[in-house]
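Take a look at the structure below.
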Amino acid sequence: QAGRLPPLSGRVYGRRWLVLLLFSLLSFAQGLVWNTWGPIQNSARLAFGFSGWDIALLVFWGPIGFAPCFFFMWLMDKKGLRVTVLITSSLMVLGAGLRCVPVSDIEIRKKLVHGGQLLNGLAGPTVMNAAPFLSTTWFSPDERATATAIASLLNSLGSAAAFLVGPLVVPPPNGTAHLLSLSNTRHIKDRIEAMLYAEFGMVSLIFSAALAYFPSRPPFPPSVAAASQRLSYRRSFCRLLSNFRFLMIALAYAIPLGVFSGWSGVLDLILTPIHVSQVDAGWIGFWSIVGGCVVGIAMARFADFIRGMLKFILLLLLSGATLASTWFTLTCLTTVTHLPLTTATLYTSCILLGIFLNSSVPIFFELFVETVYPVPEGISCGVVTFLSNVFMGVLLFFLTFYHTEFSWFNWCLPGSCLLSLLLILCFRESYDRLYLDVVVSV
């Protein structure tokens, strides 16, 4: 199964890159809007009167938005990409607009911000699940993993951009409580407002572009697999839930990625007790995700070039993630382990963890699709990201009660990575979709 693929009877179009770009920008914007508040939590508490519970809930709207996940999977299966993308982007425009409504009453303003974050969360199922569907619909078999990687990782890059943009645009509160002047508070509020307007403008622009041009599918399919008949929505679910191998890798993906997403969303809260500043926490979050995107696209390119290596790549990435998360957790327990707690060790362990886990996402997606073919891509990946958000939601739910001490949260990371590694070790891989493309098209 290794080696280059033979040329296929399908046809690819140059406009596939434009479709990929539009979808990736939408995905980027959703991640950016979701992670608006975490990196500037201290400033947001001052300007909008948010409590710690509010900040946790603003992150929590992301996984809550996955509640209608199965509706969006059905929509993509029945109506295609264009309708799904337009509904998703209109929800994002509405959400970003709600956060900008200039109301003087602080309580009403808070409710509008929470409502906006929820609407943006509802866009999550599409931007996280549709990547493999898009890559199969538009790209040839030797470009599929790369296209999946770009489309799925841009959402994380949007979250990373929030770590950078937030602290750069919005100044942190200066001095102690009694020294905070009214003008300083006003200035911070104005900067947050400016950022919200800018995000609204960006989301509206992407929606307009998708409305003007975002076709559902190309005139001719790019491969045999893209043209083949898929299982119905109901039969797909029966197939997935009765497939033990799929359930194994679904858990191997959902547990560590769910824990890591929740942990990243409140990284600033976790690093504050060990005296890491808001700006440093932002940079750590930023570089861990950017590194993951770069390595993820490189790994996907490698997987496209040498087929049949998905399990091997995942074993490497999850071994690295287990080691990096253990290092970070032990470093935070300085009183027990006496490991050096420096900015350099924190940066290195967090960034390595982010690189290993983020870059595994597109590889997992391709493996899901290969394992359960002919289940439609959107359905298999939808079930898995739904599971991942359930784990993230459960973790953030506990966080709303146990938010004074974080060592338990840090220990969840190495535990989840190790469990995932063991599940993948026991997993027997198969490449049903690739086999069809290679054998039938020859």
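Following the order of the structure tokens, chains are lettered A, B, ..., residues in each are numbered from 1, and ligands are numbered from 1.
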
Close residues, stretch 303-314 of chain A itself excluded, 9 Å, only C-alpha atoms, min 5 positions apart in chain, as a PyMOL selection string:
chain A and resi 1-5+141-146+298+319+360+363-364+366-367+421+424-425+427-431+434

Hey, can you spit out that residue selection with N, CA and C atoms as a short mmCIF file (atom, residue, chain, number, x, y, z; two decimals), in the first residue's frame?
data_model
loop_
_atom_site.label_atom_id
_atom_site.label_comp_id
_atom_site.auth_asym_id
_atom_site.auth_seq_id
_atom_site.Cartn_x
_atom_site.Cartn_y
_atom_site.Cartn_z
N GLN A 1 0.82 -1.22 0.00
CA GLN A 1 0.00 0.00 0.00
C GLN A 1 0.85 1.26 0.00
N ALA A 2 2.16 1.10 0.30
CA ALA A 2 3.02 2.28 0.30
C ALA A 2 3.35 2.67 -1.14
N GLY A 3 3.99 3.82 -1.30
CA GLY A 3 4.44 4.30 -2.61
C GLY A 3 3.47 5.28 -3.23
N ARG A 4 3.89 5.85 -4.39
CA ARG A 4 3.07 6.85 -5.06
C ARG A 4 1.84 6.22 -5.69
N LEU A 5 0.76 6.99 -5.76
CA LEU A 5 -0.47 6.49 -6.37
C LEU A 5 -0.41 6.64 -7.88
N PRO A 141 -6.66 11.80 -4.62
CA PRO A 141 -6.18 11.02 -3.46
C PRO A 141 -4.79 11.41 -2.96
N ASP A 142 -3.90 11.89 -3.85
CA ASP A 142 -2.56 12.25 -3.37
C ASP A 142 -2.48 13.70 -2.87
N GLU A 143 -3.64 14.36 -2.72
CA GLU A 143 -3.67 15.70 -2.10
C GLU A 143 -4.64 15.74 -0.91
N ARG A 144 -5.37 14.64 -0.71
CA ARG A 144 -6.47 14.66 0.26
C ARG A 144 -6.03 14.98 1.69
N ALA A 145 -5.01 14.28 2.19
CA ALA A 145 -4.59 14.50 3.59
C ALA A 145 -4.11 15.93 3.79
N THR A 146 -3.41 16.47 2.77
CA THR A 146 -2.92 17.86 2.86
C THR A 146 -4.08 18.84 2.94
N ALA A 298 2.81 19.39 7.40
CA ALA A 298 3.98 18.63 6.92
C ALA A 298 3.73 17.12 7.04
N SER A 319 3.28 9.56 21.41
CA SER A 319 4.40 9.31 22.33
C SER A 319 5.01 10.64 22.75
N SER A 360 -1.80 15.94 15.16
CA SER A 360 -2.41 14.61 15.00
C SER A 360 -3.82 14.68 14.43
N ILE A 363 -4.41 13.69 10.69
CA ILE A 363 -4.03 12.28 10.50
C ILE A 363 -5.15 11.37 11.05
N PHE A 364 -5.66 11.73 12.22
CA PHE A 364 -6.80 11.00 12.80
C PHE A 364 -8.00 11.03 11.84
N GLU A 366 -8.18 11.40 8.59
CA GLU A 366 -7.99 10.53 7.43
C GLU A 366 -8.15 9.06 7.83
N LEU A 367 -7.65 8.70 9.01
CA LEU A 367 -7.75 7.31 9.47
C LEU A 367 -9.22 6.92 9.74
N LEU A 421 -2.47 6.56 23.37
CA LEU A 421 -1.33 5.82 22.81
C LEU A 421 -1.57 4.31 22.89
N ILE A 424 -4.20 3.21 20.30
CA ILE A 424 -3.69 3.17 18.92
C ILE A 424 -2.76 1.97 18.73
N LEU A 425 -2.00 1.63 19.77
CA LEU A 425 -1.12 0.46 19.69
C LEU A 425 -1.93 -0.81 19.40
N PHE A 427 -4.81 -0.92 17.86
CA PHE A 427 -5.69 -0.72 16.71
C PHE A 427 -5.12 -1.37 15.44
N ARG A 428 -5.98 -2.06 14.69
CA ARG A 428 -5.55 -2.66 13.41
C ARG A 428 -6.05 -1.78 12.28
N GLU A 429 -5.12 -1.19 11.52
CA GLU A 429 -5.52 -0.20 10.50
C GLU A 429 -5.93 -0.88 9.20
N SER A 430 -6.80 -0.21 8.43
CA SER A 430 -7.17 -0.66 7.08
C SER A 430 -7.42 0.57 6.22
N TYR A 431 -7.27 0.43 4.89
CA TYR A 431 -7.38 1.57 3.98
C TYR A 431 -8.40 1.26 2.88
N LEU A 434 -8.80 4.15 0.06
CA LEU A 434 -7.59 4.20 -0.77
C LEU A 434 -7.54 3.00 -1.71
#

List as a list in words the protein and nucleic acid residues near stretch 372-389 of chain A, meaning an atom at most 6 Å away when only C-alpha atoms are counted, but skip any in the same chain fewer than 6 places from it.
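My list of contacting residues is Pro63, Met73, Asn129, Ala130, Pro132, Phe133, Arg230, Leu231, Ser236, Ala250, Ala254, Gly258 and Arg433 of chain A.
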
Residue subset to file, keeping N, CA and C atoms, as a PDB file, in the first residue's frame:
ATOM      1  N   PRO A  63     -18.006  24.078  23.247  1.00  0.00           N
ATOM      2  CA  PRO A  63     -18.548  22.708  23.260  1.00  0.00           C
ATOM      3  C   PRO A  63     -20.071  22.642  23.340  1.00  0.00           C
ATOM      4  N   MET A  73     -24.457  17.583  10.402  1.00  0.00           N
ATOM      5  CA  MET A  73     -23.966  16.425   9.652  1.00  0.00           C
ATOM      6  C   MET A  73     -25.015  15.979   8.632  1.00  0.00           C
ATOM      7  N   ASN A 129     -15.801  19.588  11.245  1.00  0.00           N
ATOM      8  CA  ASN A 129     -16.108  18.272  10.661  1.00  0.00           C
ATOM      9  C   ASN A 129     -16.005  18.205   9.152  1.00  0.00           C
ATOM     10  N   ALA A 130     -16.152  19.343   8.479  1.00  0.00           N
ATOM     11  CA  ALA A 130     -16.337  19.300   7.024  1.00  0.00           C
ATOM     12  C   ALA A 130     -15.039  19.123   6.239  1.00  0.00           C
ATOM     13  N   PRO A 132     -12.610  16.721   5.916  1.00  0.00           N
ATOM     14  CA  PRO A 132     -12.418  15.520   5.088  1.00  0.00           C
ATOM     15  C   PRO A 132     -13.445  15.404   3.951  1.00  0.00           C
ATOM     16  N   PHE A 133     -14.663  15.898   4.206  1.00  0.00           N
ATOM     17  CA  PHE A 133     -15.701  15.888   3.167  1.00  0.00           C
ATOM     18  C   PHE A 133     -15.283  16.797   2.006  1.00  0.00           C
ATOM     19  N   ARG A 230     -22.528   6.405  -1.155  1.00  0.00           N
ATOM     20  CA  ARG A 230     -22.272   6.303   0.288  1.00  0.00           C
ATOM     21  C   ARG A 230     -23.485   5.730   1.008  1.00  0.00           C
ATOM     22  N   LEU A 231     -23.265   5.327   2.258  1.00  0.00           N
ATOM     23  CA  LEU A 231     -24.365   4.809   3.069  1.00  0.00           C
ATOM     24  C   LEU A 231     -25.318   5.938   3.448  1.00  0.00           C
ATOM     25  N   SER A 236     -25.353   4.750   8.335  1.00  0.00           N
ATOM     26  CA  SER A 236     -24.012   5.197   8.733  1.00  0.00           C
ATOM     27  C   SER A 236     -23.840   5.116  10.245  1.00  0.00           C
ATOM     28  N   ALA A 250     -11.908   6.437  17.854  1.00  0.00           N
ATOM     29  CA  ALA A 250     -12.713   7.619  18.204  1.00  0.00           C
ATOM     30  C   ALA A 250     -12.349   8.073  19.623  1.00  0.00           C
ATOM     31  N   ALA A 254     -10.761  11.506  20.827  1.00  0.00           N
ATOM     32  CA  ALA A 254     -11.642  12.409  21.585  1.00  0.00           C
ATOM     33  C   ALA A 254     -11.114  12.740  22.976  1.00  0.00           C
ATOM     34  N   GLY A 258      -9.985  16.491  23.513  1.00  0.00           N
ATOM     35  CA  GLY A 258     -10.984  17.192  24.325  1.00  0.00           C
ATOM     36  C   GLY A 258     -10.356  17.825  25.551  1.00  0.00           C
ATOM     37  N   ARG A 433     -10.953   3.103   1.520  1.00  0.00           N
ATOM     38  CA  ARG A 433     -11.187   4.138   0.492  1.00  0.00           C
ATOM     39  C   ARG A 433     -10.016   4.196  -0.477  1.00  0.00           C
TER      40      ARG A 433
END

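The spacing separating atom CA of A:Ser325 from atom CA of A:Phe409 amounts to 11.4 Å.
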
Which residue is closest to A:Leu91? Choose from A:Ala344, A:Ile40, A:Leu26, A:Cys417 and count only C-alpha atoms.
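Result for the nearest residue to A:Leu91: A:Leu26.
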
Nearest-residue call for A:Gly121, choices A:Val266, A:Cys426, A:Val33, A:Leu352, using only C-alpha atoms
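Ranked by minimum distance to A:Gly121, first place goes to A:Val33.
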
Considering only C-alpha atoms, can you say which of A:Pro219, A:Gly31, A:Gly415, A:Pro102 comes closest to A:Val127?
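Closest to A:Val127 of all the choices is A:Gly31.
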
Separation of atom CA of A:Asp105 from atom CA of A:Asn184 in Å:
19.4 Å

Find the residues near A:Tyr197: any atom within 12 Å, counting only C-alpha atoms, skip ones fewer than 6 places away on the same chain, and give them as a PyMOL selection string.
chain A and resi 33+93+95-102+190-191+203-204

Would you return as a VMD selection string the members of stretch 74-302 of chain A that DSSP assigns to helix (DSSP H, G or I) on this structure's backbone?
chain A and resid 74 to 79 81 to 98 106 to 121 124 to 129 131 to 138 144 to 169 177 to 179 182 to 212 224 to 227 233 to 242 244 to 265 267 to 274 278 to 302

I'd like the neighbourhood of A:Gly124 as a list in words, where a residue qualifies if any of its atoms comes within 8 Å (using only C-alpha atoms), though same-chain residues fewer than 2 positions away should be ignored.
Gln30, Gly62, Gly65, Phe66, Asn120, Gly121, Leu122, Thr126, Val127 and Met128 of chain A

Distance criterion (only C-alpha atoms): nearest to A:Tyr347 out of A:Val276, A:Cys412, A:Ala300, A:Leu396
A:Val276

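Neighbouring residues of A:Leu164 at 9 Å or closer, counting only C-alpha atoms and skipping chain neighbours under 6 positions away, are Pro39, Val279, Gly282, Trp283, Gly285 and Phe286 of chain A.
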
Go ahead and write the residues just picked, C-alpha atoms, as an mmCIF file, in the first residue's frame.
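Generated file (out03.cif):
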data_model
loop_
_atom_site.group_PDB
_atom_site.id
_atom_site.type_symbol
_atom_site.label_atom_id
_atom_site.label_comp_id
_atom_site.auth_asym_id
_atom_site.auth_seq_id
_atom_site.Cartn_x
_atom_site.Cartn_y
_atom_site.Cartn_z
ATOM 1 C CA PRO A 39 -6.288 35.680 26.507
ATOM 2 C CA VAL A 279 1.325 38.135 27.725
ATOM 3 C CA GLY A 282 -0.610 34.234 25.254
ATOM 4 C CA TRP A 283 2.732 33.574 23.537
ATOM 5 C CA GLY A 285 -0.625 29.320 23.554
ATOM 6 C CA PHE A 286 0.212 30.987 20.234
#
